[in-house]
Amino acid sequence: MTGFTGIPFAALDFYEDLEADNSKLWWSEHKEVYDSAVKGPMTALLATLEPEFGSAKVFRPYRDVRFSKDKTPYKTHQGGFVARGDSLGFYVQIDPAGLFVAGGFYNSSTDGVARYRRTVDDDVRGAELERILATLTKAGYEIGGDKLKTKPRGYELDHPRIDLLRHKSLTAGKHFGSPAWLETPKAATKVRDAWRALTPLVEWTAALHT
């Protein structure tokens with residue numbers, strides 16, 4: 001594909017149908033739709049964004065079922081990821097509900113979580129993260145990530161940033177749904193603008209590794 005023209009609604013329909021029949025037979029009969037309506041547009045989208053954000057990975061459609069009770073073979077979404085560090089970067093996804101965009105870090109190592117908490121504990125850097133997340137929240141992003149239910153070891157419950165200290169991963173994301181512009185080149189502009197908004201969070205986290 002030479003240029004990004006949009007994410008066709010056929011991609012959303014593809015995943016809605018896949019949720020109803022997640023089988024190898026159904027997949028083989030609709031593989032052409034996946035290639036043309038899902039993989040092709042996602043690859044073109046990421047190529048359009050590459051000059052500003054860097055090269056991206058288009059995730060494989062197959063699930064790893066080795067250690068899962070759910071043996072359905074295919075993912076019911078298509079994701080793309082630009083790495084800016086270990087389990088850190090920008091994410092975009094298409095699923096039956098439409099477009100989802102996110103950024104942050106996930107599945108961090110024990111050492112990575114420890115560095116994150118030490119930085120959150122710092123009054124200057126911790127306050128900086130609070131401001132970044134407040135700006136994103138005001139702009140309609142949802143703050144997520146795995147969290148402890150209690151306080152992490154070594155910190156008190158009355159810590160001014162105890163909620164952030166509970167995080168083992170930290171992300172911010174926004175669901176755009178399936179507006180009319182999804183099928184047009186404007187979708188690339190929307191993802192670009194979202195990733196730009198998420199850049200302060202990604203860069204704050206990236207600094208933990210420097």
# chains A, B, ... in the order shown; residues from 1 in each chain; ligands from 1
>>> residues_around(residues="Tyr155 in chain A", least_positions_apart="2", cutoff="12 Å", atoms="only C-alpha atoms", output="number ranges by chain")
A: 114, 117-118, 120-121, 150-153, 157-166
>>> residues_around(residues="range 173-185 of chain A", least_positions_apart="5", cutoff="7 Å", atoms="only C-alpha atoms", output="list in words")
Phe4, Thr5, Gly6, Ile7, Pro8, Phe9, Ala97, Gly98, Leu99, Phe100, Val101, Ala102, Gly103, Gly140, Tyr141, Glu142 and Ile143 of chain A
>>> closest_residue(among="A:Lys168, A:Lys149, A:Thr199, A:Ser36", to="Thr135 in chain A", atoms="only C-alpha atoms")
A:Thr199
>>> select_by_dssp(residues="range 44-209 of chain A", states="alpha helix (DSSP H)", output="ChimeraX atom specification")
/A:44-53,110-121,123-138,162-165,186-206
>>> select_by_dssp(residues="range 92-200 of chain A", states="strand (DSSP E or B)", output="ChimeraX atom specification")
/A:92-95,98-105,142-144,147,167,170-177
>>> residues_around(residues="Val58 in chain A", least_positions_apart="4", cutoff="8 Å", atoms="only C-alpha atoms", output="PDB file with all heavy atoms, in the first residue's frame")
ATOM      1  N   LYS A  39      -4.927  -5.211   7.960  1.00  0.00           N
ATOM      2  CA  LYS A  39      -3.468  -5.155   7.966  1.00  0.00           C
ATOM      3  C   LYS A  39      -2.928  -4.084   7.030  1.00  0.00           C
ATOM      4  O   LYS A  39      -2.017  -3.323   7.404  1.00  0.00           O
ATOM      5  CB  LYS A  39      -2.886  -6.523   7.584  1.00  0.00           C
ATOM      6  CG  LYS A  39      -1.373  -6.573   7.674  1.00  0.00           C
ATOM      7  CD  LYS A  39      -0.843  -7.957   7.320  1.00  0.00           C
ATOM      8  CE  LYS A  39       0.672  -7.993   7.393  1.00  0.00           C
ATOM      9  NZ  LYS A  39       1.199  -9.357   7.048  1.00  0.00           N
ATOM     10  N   MET A  42      -3.611  -0.498   8.452  1.00  0.00           N
ATOM     11  CA  MET A  42      -2.811  -0.273   9.665  1.00  0.00           C
ATOM     12  C   MET A  42      -1.342  -0.070   9.306  1.00  0.00           C
ATOM     13  O   MET A  42      -0.672   0.826   9.855  1.00  0.00           O
ATOM     14  CB  MET A  42      -2.961  -1.450  10.618  1.00  0.00           C
ATOM     15  CG  MET A  42      -2.112  -1.326  11.888  1.00  0.00           C
ATOM     16  SD  MET A  42      -2.548   0.074  12.952  1.00  0.00           S
ATOM     17  CE  MET A  42      -4.032  -0.572  13.750  1.00  0.00           C
ATOM     18  N   THR A  43      -0.826  -0.874   8.393  1.00  0.00           N
ATOM     19  CA  THR A  43       0.559  -0.720   7.954  1.00  0.00           C
ATOM     20  C   THR A  43       0.786   0.641   7.312  1.00  0.00           C
ATOM     21  O   THR A  43       1.797   1.313   7.572  1.00  0.00           O
ATOM     22  CB  THR A  43       0.929  -1.848   6.970  1.00  0.00           C
ATOM     23  OG1 THR A  43       0.739  -3.115   7.605  1.00  0.00           O
ATOM     24  CG2 THR A  43       2.372  -1.729   6.520  1.00  0.00           C
ATOM     25  N   GLN A  78      -6.634  -5.384  16.130  1.00  0.00           N
ATOM     26  CA  GLN A  78      -5.337  -5.225  15.476  1.00  0.00           C
ATOM     27  C   GLN A  78      -4.616  -4.046  16.095  1.00  0.00           C
ATOM     28  O   GLN A  78      -5.129  -2.931  16.110  1.00  0.00           O
ATOM     29  CB  GLN A  78      -5.504  -4.986  13.980  1.00  0.00           C
ATOM     30  CG  GLN A  78      -4.196  -4.722  13.248  1.00  0.00           C
ATOM     31  CD  GLN A  78      -3.257  -5.930  13.295  1.00  0.00           C
ATOM     32  OE1 GLN A  78      -3.580  -6.997  12.780  1.00  0.00           O
ATOM     33  NE2 GLN A  78      -2.103  -5.768  13.944  1.00  0.00           N
ATOM     34  N   GLY A  79      -3.427  -4.309  16.627  1.00  0.00           N
ATOM     35  CA  GLY A  79      -2.663  -3.266  17.261  1.00  0.00           C
ATOM     36  C   GLY A  79      -1.393  -2.929  16.512  1.00  0.00           C
ATOM     37  O   GLY A  79      -0.848  -3.753  15.770  1.00  0.00           O
ATOM     38  N   GLY A  80      -0.925  -1.694  16.720  1.00  0.00           N
ATOM     39  CA  GLY A  80       0.365  -1.251  16.219  1.00  0.00           C
ATOM     40  C   GLY A  80       1.088  -0.507  17.330  1.00  0.00           C
ATOM     41  O   GLY A  80       0.449   0.180  18.138  1.00  0.00           O
ATOM     42  N   PHE A  81       2.415  -0.621  17.381  1.00  0.00           N
ATOM     43  CA  PHE A  81       3.159  -0.073  18.518  1.00  0.00           C
ATOM     44  C   PHE A  81       4.480   0.524  18.061  1.00  0.00           C
ATOM     45  O   PHE A  81       5.221  -0.088  17.295  1.00  0.00           O
ATOM     46  CB  PHE A  81       3.427  -1.187  19.535  1.00  0.00           C
ATOM     47  CG  PHE A  81       4.107  -0.746  20.799  1.00  0.00           C
ATOM     48  CD1 PHE A  81       3.448   0.068  21.707  1.00  0.00           C
ATOM     49  CD2 PHE A  81       5.407  -1.147  21.089  1.00  0.00           C
ATOM     50  CE1 PHE A  81       4.070   0.477  22.876  1.00  0.00           C
ATOM     51  CE2 PHE A  81       6.032  -0.744  22.253  1.00  0.00           C
ATOM     52  CZ  PHE A  81       5.361   0.077  23.147  1.00  0.00           C
TER      53      PHE A  81
END
>>> residues_around(residues="range 63-65 of chain A", least_positions_apart="3", cutoff="6 Å", atoms="only C-alpha atoms", output="ChimeraX atom specification")
/A:68,71,73-75
>>> residues_around(residues="Ser169 in chain A", least_positions_apart="6", cutoff="10 Å", atoms="only C-alpha atoms", output="list in words")
Ser87, Leu88, Gly104, Phe105, Tyr106, Asn107, Ser108, Ser109, Gly112, Val113, Tyr116, Gly144, Gly145, Asp146 and Lys147 of chain A
>>> write_last_selection(atoms="all heavy atoms", output="CSV table (one decimal), in the first residue's frame")
chain,number,residue,atom,x,y,z
A,87,SER,N,9.0,-1.9,26.9
A,87,SER,CA,7.6,-1.9,27.2
A,87,SER,C,7.1,-0.5,27.3
A,87,SER,O,6.2,-0.2,28.1
A,87,SER,CB,7.3,-2.7,28.5
A,87,SER,OG,7.7,-4.0,28.3
A,88,LEU,N,7.6,0.4,26.5
A,88,LEU,CA,7.2,1.9,26.6
A,88,LEU,C,7.0,2.4,25.2
A,88,LEU,O,7.8,2.1,24.3
A,88,LEU,CB,8.3,2.6,27.3
A,88,LEU,CG,8.3,4.1,27.1
A,88,LEU,CD1,7.2,4.8,27.9
A,88,LEU,CD2,9.7,4.7,27.6
A,104,GLY,N,2.3,5.1,27.0
A,104,GLY,CA,2.8,4.9,28.4
A,104,GLY,C,3.6,3.6,28.5
A,104,GLY,O,4.2,3.2,27.5
A,105,PHE,N,3.7,3.0,29.7
A,105,PHE,CA,4.5,1.8,29.8
A,105,PHE,C,3.7,0.7,30.5
A,105,PHE,O,2.8,1.0,31.2
A,105,PHE,CB,5.8,2.1,30.7
A,105,PHE,CG,5.6,2.2,32.1
A,105,PHE,CD1,5.7,1.2,33.0
A,105,PHE,CD2,5.2,3.5,32.7
A,105,PHE,CE1,5.5,1.3,34.4
A,105,PHE,CE2,5.1,3.6,34.1
A,105,PHE,CZ,5.2,2.5,34.9
A,106,TYR,N,4.0,-0.5,30.2
A,106,TYR,CA,3.3,-1.7,30.7
A,106,TYR,C,4.3,-2.8,30.9
A,106,TYR,O,5.4,-2.8,30.3
A,106,TYR,CB,2.2,-2.1,29.6
A,106,TYR,CG,2.8,-2.6,28.3
A,106,TYR,CD1,3.0,-3.9,28.0
A,106,TYR,CD2,3.2,-1.6,27.4
A,106,TYR,CE1,3.6,-4.3,26.8
A,106,TYR,CE2,3.8,-2.1,26.2
A,106,TYR,CZ,4.0,-3.4,25.9
A,106,TYR,OH,4.5,-3.8,24.7
A,107,ASN,N,3.9,-3.8,31.7
A,107,ASN,CA,4.7,-5.0,31.9
A,107,ASN,C,6.2,-4.7,32.3
A,107,ASN,O,7.1,-5.3,31.8
A,107,ASN,CB,4.7,-5.9,30.7
A,107,ASN,CG,3.3,-6.5,30.5
A,107,ASN,OD1,2.5,-6.6,31.4
A,107,ASN,ND2,3.0,-6.9,29.3
A,108,SER,N,6.4,-3.6,33.1
A,108,SER,CA,7.7,-3.2,33.4
A,108,SER,C,8.4,-4.3,34.4
A,108,SER,O,7.7,-5.0,35.1
A,108,SER,CB,7.7,-1.9,34.1
A,108,SER,OG,9.0,-1.4,34.2
A,109,SER,N,9.7,-4.3,34.4
A,109,SER,CA,10.4,-5.2,35.3
A,109,SER,C,10.4,-4.7,36.7
A,109,SER,O,10.0,-3.6,37.0
A,109,SER,CB,11.9,-5.3,34.8
A,109,SER,OG,12.5,-4.0,35.0
A,112,GLY,N,12.4,-1.7,36.9
A,112,GLY,CA,11.7,-0.6,36.3
A,112,GLY,C,10.7,0.0,37.2
A,112,GLY,O,10.5,1.2,37.2
A,113,VAL,N,9.9,-0.8,37.8
A,113,VAL,CA,8.8,-0.3,38.7
A,113,VAL,C,9.5,0.4,39.9
A,113,VAL,O,9.0,1.5,40.3
A,113,VAL,CB,7.9,-1.5,39.2
A,113,VAL,CG1,7.0,-1.0,40.3
A,113,VAL,CG2,7.1,-2.1,38.0
A,116,TYR,N,10.5,3.8,38.7
A,116,TYR,CA,9.3,4.6,38.6
A,116,TYR,C,8.9,5.2,39.9
A,116,TYR,O,8.6,6.4,40.0
A,116,TYR,CB,8.2,3.8,37.9
A,116,TYR,CG,6.8,4.3,38.1
A,116,TYR,CD1,6.4,5.4,37.3
A,116,TYR,CD2,6.0,3.8,39.0
A,116,TYR,CE1,5.2,6.0,37.5
A,116,TYR,CE2,4.7,4.4,39.2
A,116,TYR,CZ,4.3,5.4,38.4
A,116,TYR,OH,3.0,6.0,38.6
A,144,GLY,N,-4.8,4.6,33.0
A,144,GLY,CA,-4.9,3.2,33.3
A,144,GLY,C,-3.6,2.6,33.7
A,144,GLY,O,-2.6,3.3,33.9
A,145,GLY,N,-3.6,1.3,33.8
A,145,GLY,CA,-2.4,0.5,34.2
A,145,GLY,C,-2.6,-0.4,35.4
A,145,GLY,O,-3.6,-0.1,36.2
A,146,ASP,N,-1.8,-1.4,35.6
A,146,ASP,CA,-2.0,-2.3,36.7
A,146,ASP,C,-1.5,-1.6,38.0
A,146,ASP,O,-0.6,-0.8,38.0
A,146,ASP,CB,-1.1,-3.5,36.5
A,146,ASP,CG,-1.5,-4.4,35.3
A,146,ASP,OD1,-2.7,-4.4,35.1
A,146,ASP,OD2,-0.7,-5.0,34.7
A,147,LYS,N,-2.3,-1.8,39.1
A,147,LYS,CA,-2.1,-1.1,40.3
A,147,LYS,C,-2.2,-2.1,41.5
A,147,LYS,O,-2.9,-3.1,41.4
A,147,LYS,CB,-3.1,0.0,40.5
A,147,LYS,CG,-3.0,1.1,39.5
A,147,LYS,CD,-4.2,2.0,39.6
A,147,LYS,CE,-4.3,2.8,41.0
A,147,LYS,NZ,-5.4,3.8,41.0
